[in-house]
Amino acid sequence: MRRHTIHKLIMTVAVLLAGAGPAHAQFADCSTRMLQMPTAEMQQDGTFMITNNFLNKHATSPKWNYHTFQYGIAVSFWGRVELGYVCTIFNGAWDPRPDEEKTERQRILRNQDRHFTGRVCLLREGEFGVDWMPALVVGISDPTTGSGGGEYSTGDVTGIGNGYFNRNFIVLTKHFQTPWGQLGAHAGYQFNRRKDYHINAPCLGVNWKPVWLQNKGIMDSFDCIAEFDSRTVNLGVIASIWDNHFEAMFELQNFQWVNFGLRYKLRIKKNI
């Protein structure tokens, strides 16, 4: 690893640690996506991402009746697979029992939920020489098995297990070059079996990168996004800076609730 790359990484870690107290957000669930809906876009081979998210209470399951902070990592392989690990902060109010009534593990883990994410690209855009072919990605967040992981069997919205971020999806993405910049169209379907925030609906979105804001000084690109994520209609922007190492996002969820934040991306190795 070259010296300037190491220097960038050290500076980035310092920035992220310094910002862990204030709200920093991006891409709900810390994976490659639009604002909250999935996308069939994939990162380059060997891309490592660190994401810090501030999420308002409407962006999470009803378990969080307060705004929260989320952070996670993700890595991409061969431009086809992305795996991630995400942590979301509890404030402790969700479990009112005193410490003496909890096991040691419950005391340790009570302030943080952990889950995995996974995305697999089955088709790349224009693959096999077919220009009109969209990209196709399938994925899952917070995978669960059986009723203990969020498959609710009662009306109790507090649930019988975790799997708070459980969702499965399939999504198509196609990009178009115009005189005014790149336009992306995204359409998919999301589903889960939770009763507190049941998702069983399509999701649709568009993103536009104005040509006059590409590669202009410190800014590498500026992405304007509108989406329906199966639950809410969201508007937002994503700005990429410093040779696309940093991405900053601001989102207005359902035209009224704010999410925002920061992501750092480092291509650790090509073709891993």
# chains A, B, ... in the order shown; residues from 1 in each chain; ligands from 1

call {"tool": "residues_around", "arguments": {"residues": "Phe116 in chain A", "least_positions_apart": "6", "cutoff": "7 Å", "atoms": "only C-alpha atoms", "output": "CSV table (one decimal) with N, CA and C atoms, in the first residue's frame"}}
result
chain,number,residue,atom,x,y,z
A,84,GLY,N,-21.8,-7.4,4.2
A,84,GLY,CA,-21.7,-6.3,5.1
A,84,GLY,C,-22.1,-6.7,6.5
A,85,TYR,N,-21.6,-5.9,7.5
A,85,TYR,CA,-21.9,-6.1,8.9
A,85,TYR,C,-22.3,-4.8,9.5
A,86,VAL,N,-23.5,-4.7,10.2
A,86,VAL,CA,-24.1,-3.4,10.6
A,86,VAL,C,-24.4,-3.5,12.1
A,141,SER,N,-31.1,-8.6,3.9
A,141,SER,CA,-30.6,-7.8,5.1
A,141,SER,C,-31.1,-8.5,6.4
A,142,ASP,N,-30.3,-8.7,7.3
A,142,ASP,CA,-30.7,-9.3,8.6
A,142,ASP,C,-31.3,-10.6,8.4

call {"tool": "residues_around", "arguments": {"residues": "Arg124 in chain A", "least_positions_apart": "4", "cutoff": "12 Å", "atoms": "only C-alpha atoms", "output": "list of chain:residue names"}}
result
A:Ala40, A:Glu41, A:Met42, A:Gln43, A:Trp78, A:Gly79, A:Arg80, A:Val81, A:Val120, A:Phe128, A:Gly129, A:Val130, A:Asp131, A:Trp132, A:Met133, A:Pro134, A:Ala135, A:Leu136, A:Val137, A:Val171, A:Leu172, A:Thr173, A:Lys174, A:His175

call {"tool": "write_last_selection", "arguments": {"atoms": "C-alpha atoms", "output": "compact mmCIF listing (two decimals), in the first residue's frame"}}
result
# COMPACT_ATOMS: atom_id res chain seq x y z
CA ALA A 40 -28.56 -3.22 -8.80
CA GLU A 41 -25.46 -1.02 -8.90
CA MET A 42 -22.33 -2.69 -7.54
CA GLN A 43 -19.06 -1.34 -6.19
CA TRP A 78 -15.32 -9.55 -8.21
CA GLY A 79 -17.92 -6.82 -8.75
CA ARG A 80 -20.55 -9.53 -8.14
CA VAL A 81 -20.82 -10.00 -4.36
CA VAL A 120 -25.28 -10.84 -5.37
CA PHE A 128 -23.43 -10.71 -23.14
CA GLY A 129 -23.39 -7.82 -25.60
CA VAL A 130 -27.07 -7.03 -25.07
CA ASP A 131 -27.15 -3.24 -24.79
CA TRP A 132 -30.68 -3.00 -23.40
CA MET A 133 -30.10 -5.54 -20.62
CA PRO A 134 -30.45 -4.06 -17.10
CA ALA A 135 -28.36 -5.16 -14.13
CA LEU A 136 -30.04 -7.68 -11.82
CA VAL A 137 -29.22 -8.05 -8.11
CA VAL A 171 -33.97 -5.25 -8.17
CA LEU A 172 -33.19 -4.13 -11.74
CA THR A 173 -31.13 -1.07 -12.71
CA LYS A 174 -30.56 0.57 -16.10
CA HIS A 175 -28.57 3.75 -16.84

call {"tool": "residues_around", "arguments": {"residues": "Val75 in chain A", "least_positions_apart": "3", "cutoff": "9 Å", "atoms": "only C-alpha atoms", "output": "VMD selection string"}}
result
chain A and resid 43 45 to 49 81 to 84

call {"tool": "write_last_selection", "arguments": {"atoms": "C-alpha atoms", "output": "PDB file, in the first residue's frame"}}
result
ATOM      1  CA  GLN A  43     -19.059  -1.342  -6.193  1.00  0.00           C
ATOM      2  CA  ASP A  45     -13.828  -5.155  -7.187  1.00  0.00           C
ATOM      3  CA  GLY A  46     -12.143  -5.031  -3.797  1.00  0.00           C
ATOM      4  CA  THR A  47     -13.987  -1.945  -2.510  1.00  0.00           C
ATOM      5  CA  PHE A  48     -14.064  -1.612   1.280  1.00  0.00           C
ATOM      6  CA  MET A  49     -16.637   0.780   2.793  1.00  0.00           C
ATOM      7  CA  VAL A  81     -20.817 -10.001  -4.357  1.00  0.00           C
ATOM      8  CA  GLU A  82     -21.093  -7.569  -1.460  1.00  0.00           C
ATOM      9  CA  LEU A  83     -21.095  -8.618   2.208  1.00  0.00           C
ATOM     10  CA  GLY A  84     -21.682  -6.286   5.125  1.00  0.00           C
TER      11      GLY A  84
END

call {"tool": "residues_around", "arguments": {"residues": "Val138 in chain A", "least_positions_apart": "2", "cutoff": "8 Å", "atoms": "only C-alpha atoms", "output": "mmCIF file with N, CA and C atoms, in the first residue's frame"}}
result
data_model
loop_
_atom_site.group_PDB
_atom_site.id
_atom_site.type_symbol
_atom_site.label_atom_id
_atom_site.label_comp_id
_atom_site.auth_asym_id
_atom_site.auth_seq_id
_atom_site.Cartn_x
_atom_site.Cartn_y
_atom_site.Cartn_z
ATOM 1 N N ARG A 119 -25.458 -9.069 -0.938
ATOM 2 C CA ARG A 119 -25.993 -8.745 -2.261
ATOM 3 C C ARG A 119 -25.217 -9.531 -3.300
ATOM 4 N N VAL A 120 -25.917 -10.073 -4.301
ATOM 5 C CA VAL A 120 -25.283 -10.841 -5.374
ATOM 6 C C VAL A 120 -25.787 -10.320 -6.713
ATOM 7 N N CYS A 121 -24.861 -9.966 -7.595
ATOM 8 C CA CYS A 121 -25.200 -9.497 -8.933
ATOM 9 C C CYS A 121 -25.301 -10.700 -9.874
ATOM 10 N N LEU A 122 -26.498 -10.965 -10.358
ATOM 11 C CA LEU A 122 -26.723 -12.087 -11.278
ATOM 12 C C LEU A 122 -26.485 -11.693 -12.728
ATOM 13 N N LEU A 136 -29.108 -6.960 -12.690
ATOM 14 C CA LEU A 136 -30.042 -7.684 -11.818
ATOM 15 C C LEU A 136 -29.306 -8.113 -10.559
ATOM 16 N N ILE A 140 -30.283 -9.716 0.681
ATOM 17 C CA ILE A 140 -30.978 -9.894 1.946
ATOM 18 C C ILE A 140 -30.307 -9.043 3.011
ATOM 19 N N ASN A 168 -35.849 -9.015 2.176
ATOM 20 C CA ASN A 168 -35.296 -9.694 1.010
ATOM 21 C C ASN A 168 -35.684 -8.871 -0.215
ATOM 22 N N PHE A 169 -34.852 -8.885 -1.239
ATOM 23 C CA PHE A 169 -35.188 -8.061 -2.387
ATOM 24 C C PHE A 169 -34.588 -8.599 -3.683
ATOM 25 N N ILE A 170 -35.212 -8.187 -4.771
ATOM 26 C CA ILE A 170 -34.699 -8.382 -6.121
ATOM 27 C C ILE A 170 -34.896 -7.060 -6.845
ATOM 28 N N VAL A 171 -33.900 -6.596 -7.600
ATOM 29 C CA VAL A 171 -33.972 -5.255 -8.175
ATOM 30 C C VAL A 171 -33.249 -5.208 -9.522
#

call {"tool": "closest_residue", "arguments": {"among": "A:Cys87, A:Ile73, A:Ile199, A:Ile225", "to": "Thr39 in chain A", "atoms": "only C-alpha atoms"}}
result
A:Ile225

call {"tool": "residues_around", "arguments": {"residues": "range 244-260 of chain A", "least_positions_apart": "5", "cutoff": "10 Å", "atoms": "only C-alpha atoms", "output": "VMD selection string"}}
result
chain A and resid 8 to 9 12 23 to 28 35 to 36 49 to 59 67 218 to 223 225 to 229 231 to 239 265 to 267

call {"tool": "write_last_selection", "arguments": {"atoms": "N, CA and C atoms", "output": "short mmCIF file (atom, residue, chain, number, x, y, z; two decimals), in the first residue's frame"}}
result
data_model
loop_
_atom_site.label_atom_id
_atom_site.label_comp_id
_atom_site.auth_asym_id
_atom_site.auth_seq_id
_atom_site.Cartn_x
_atom_site.Cartn_y
_atom_site.Cartn_z
N LYS A 8 -4.24 8.64 3.81
CA LYS A 8 -5.67 8.87 3.65
C LYS A 8 -6.47 8.03 4.63
N LEU A 9 -6.09 6.77 4.77
CA LEU A 9 -6.82 5.86 5.66
C LEU A 9 -6.75 6.33 7.11
N THR A 12 -8.94 9.30 7.58
CA THR A 12 -10.36 8.93 7.53
C THR A 12 -10.82 8.31 8.83
N ALA A 23 -24.49 13.07 14.57
CA ALA A 23 -25.18 12.19 13.63
C ALA A 23 -24.48 12.20 12.28
N HIS A 24 -24.08 11.03 11.82
CA HIS A 24 -23.51 10.86 10.50
C HIS A 24 -24.25 9.71 9.83
N ALA A 25 -24.70 9.91 8.58
CA ALA A 25 -25.55 8.89 7.99
C ALA A 25 -25.29 8.72 6.52
N GLN A 26 -25.70 7.57 6.03
CA GLN A 26 -25.74 7.36 4.60
C GLN A 26 -26.23 5.98 4.26
N PHE A 27 -27.03 5.90 3.22
CA PHE A 27 -27.49 4.62 2.70
C PHE A 27 -27.97 3.73 3.83
N ALA A 28 -29.22 3.84 4.19
CA ALA A 28 -29.76 3.03 5.28
C ALA A 28 -29.34 1.58 5.09
N LEU A 35 -31.20 5.66 -1.47
CA LEU A 35 -31.27 6.23 -0.14
C LEU A 35 -31.66 5.14 0.85
N GLN A 36 -32.84 4.51 0.60
CA GLN A 36 -33.27 3.40 1.44
C GLN A 36 -33.67 2.18 0.62
N MET A 49 -15.87 -0.40 2.41
CA MET A 49 -16.64 0.78 2.79
C MET A 49 -16.85 0.83 4.30
N ILE A 50 -16.72 2.03 4.85
CA ILE A 50 -17.10 2.31 6.24
C ILE A 50 -18.21 3.34 6.20
N THR A 51 -19.36 3.03 6.78
CA THR A 51 -20.52 3.92 6.71
C THR A 51 -20.99 4.29 8.10
N ASN A 52 -21.27 5.56 8.30
CA ASN A 52 -21.88 6.03 9.54
C ASN A 52 -23.24 6.62 9.21
N ASN A 53 -24.29 6.20 9.89
CA ASN A 53 -25.65 6.61 9.59
C ASN A 53 -26.33 7.25 10.80
N PHE A 54 -26.92 8.39 10.60
CA PHE A 54 -27.94 8.86 11.52
C PHE A 54 -29.29 8.51 10.92
N LEU A 55 -30.15 7.81 11.68
CA LEU A 55 -31.46 7.41 11.19
C LEU A 55 -32.53 7.98 12.11
N ASN A 56 -33.48 8.68 11.53
CA ASN A 56 -34.61 9.11 12.33
C ASN A 56 -35.48 7.89 12.65
N LYS A 57 -36.35 8.02 13.62
CA LYS A 57 -37.10 6.87 14.12
C LYS A 57 -38.05 6.26 13.09
N HIS A 58 -38.37 7.00 12.03
CA HIS A 58 -39.26 6.47 11.00
C HIS A 58 -38.51 5.62 9.98
N ALA A 59 -37.18 5.60 10.04
CA ALA A 59 -36.39 4.82 9.10
C ALA A 59 -36.06 3.43 9.63
N HIS A 67 -34.65 8.49 17.58
CA HIS A 67 -33.61 8.58 16.56
C HIS A 67 -32.38 7.79 17.03
N ILE A 218 -13.18 19.96 -6.35
CA ILE A 218 -13.12 18.96 -5.29
C ILE A 218 -14.23 17.92 -5.41
N MET A 219 -15.34 18.27 -6.07
CA MET A 219 -16.47 17.34 -6.18
C MET A 219 -16.33 16.46 -7.41
N ASP A 220 -16.43 15.13 -7.20
CA ASP A 220 -16.34 14.18 -8.31
C ASP A 220 -17.68 13.95 -8.97
N SER A 221 -18.75 13.93 -8.19
CA SER A 221 -20.08 13.77 -8.76
C SER A 221 -21.11 14.25 -7.75
N PHE A 222 -22.31 14.54 -8.26
CA PHE A 222 -23.42 14.97 -7.43
C PHE A 222 -24.65 14.23 -7.92
N ASP A 223 -25.27 13.43 -7.04
CA ASP A 223 -26.34 12.53 -7.42
C ASP A 223 -27.66 12.99 -6.79
N ILE A 225 -31.60 12.08 -6.11
CA ILE A 225 -32.32 10.82 -6.01
C ILE A 225 -33.75 11.05 -5.57
N ALA A 226 -34.68 10.33 -6.21
CA ALA A 226 -36.08 10.26 -5.77
C ALA A 226 -36.48 8.79 -5.79
N GLU A 227 -37.18 8.32 -4.75
CA GLU A 227 -37.50 6.90 -4.66
C GLU A 227 -38.76 6.66 -3.84
N PHE A 228 -39.39 5.52 -4.13
CA PHE A 228 -40.40 4.94 -3.26
C PHE A 228 -39.83 3.62 -2.77
N ASP A 229 -39.55 3.51 -1.47
CA ASP A 229 -38.79 2.38 -0.93
C ASP A 229 -39.67 1.24 -0.42
N ARG A 231 -42.24 1.73 1.40
CA ARG A 231 -42.98 2.29 2.53
C ARG A 231 -43.17 3.80 2.42
N THR A 232 -42.11 4.51 2.07
CA THR A 232 -42.16 5.97 2.04
C THR A 232 -41.55 6.50 0.74
N VAL A 233 -41.90 7.74 0.41
CA VAL A 233 -41.32 8.44 -0.74
C VAL A 233 -40.21 9.35 -0.22
N ASN A 234 -39.02 9.22 -0.79
CA ASN A 234 -37.84 9.90 -0.26
C ASN A 234 -37.14 10.71 -1.34
N LEU A 235 -36.59 11.84 -0.94
CA LEU A 235 -35.77 12.67 -1.82
C LEU A 235 -34.43 12.88 -1.15
N GLY A 236 -33.36 12.95 -1.97
CA GLY A 236 -32.06 13.16 -1.36
C GLY A 236 -30.97 13.42 -2.37
N VAL A 237 -29.79 13.73 -1.87
CA VAL A 237 -28.62 13.96 -2.71
C VAL A 237 -27.42 13.23 -2.11
N ILE A 238 -26.50 12.84 -2.99
CA ILE A 238 -25.24 12.22 -2.57
C ILE A 238 -24.11 12.91 -3.32
N ALA A 239 -23.15 13.45 -2.59
CA ALA A 239 -22.00 14.12 -3.19
C ALA A 239 -20.76 13.28 -2.96
N LYS A 265 -14.80 5.12 1.20
CA LYS A 265 -14.58 3.96 0.34
C LYS A 265 -13.10 3.88 -0.02
N LEU A 266 -12.58 2.67 0.06
CA LEU A 266 -11.19 2.43 -0.29
C LEU A 266 -11.13 1.16 -1.11
N ARG A 267 -10.53 1.24 -2.29
CA ARG A 267 -10.36 0.04 -3.11
C ARG A 267 -9.06 -0.63 -2.69
#
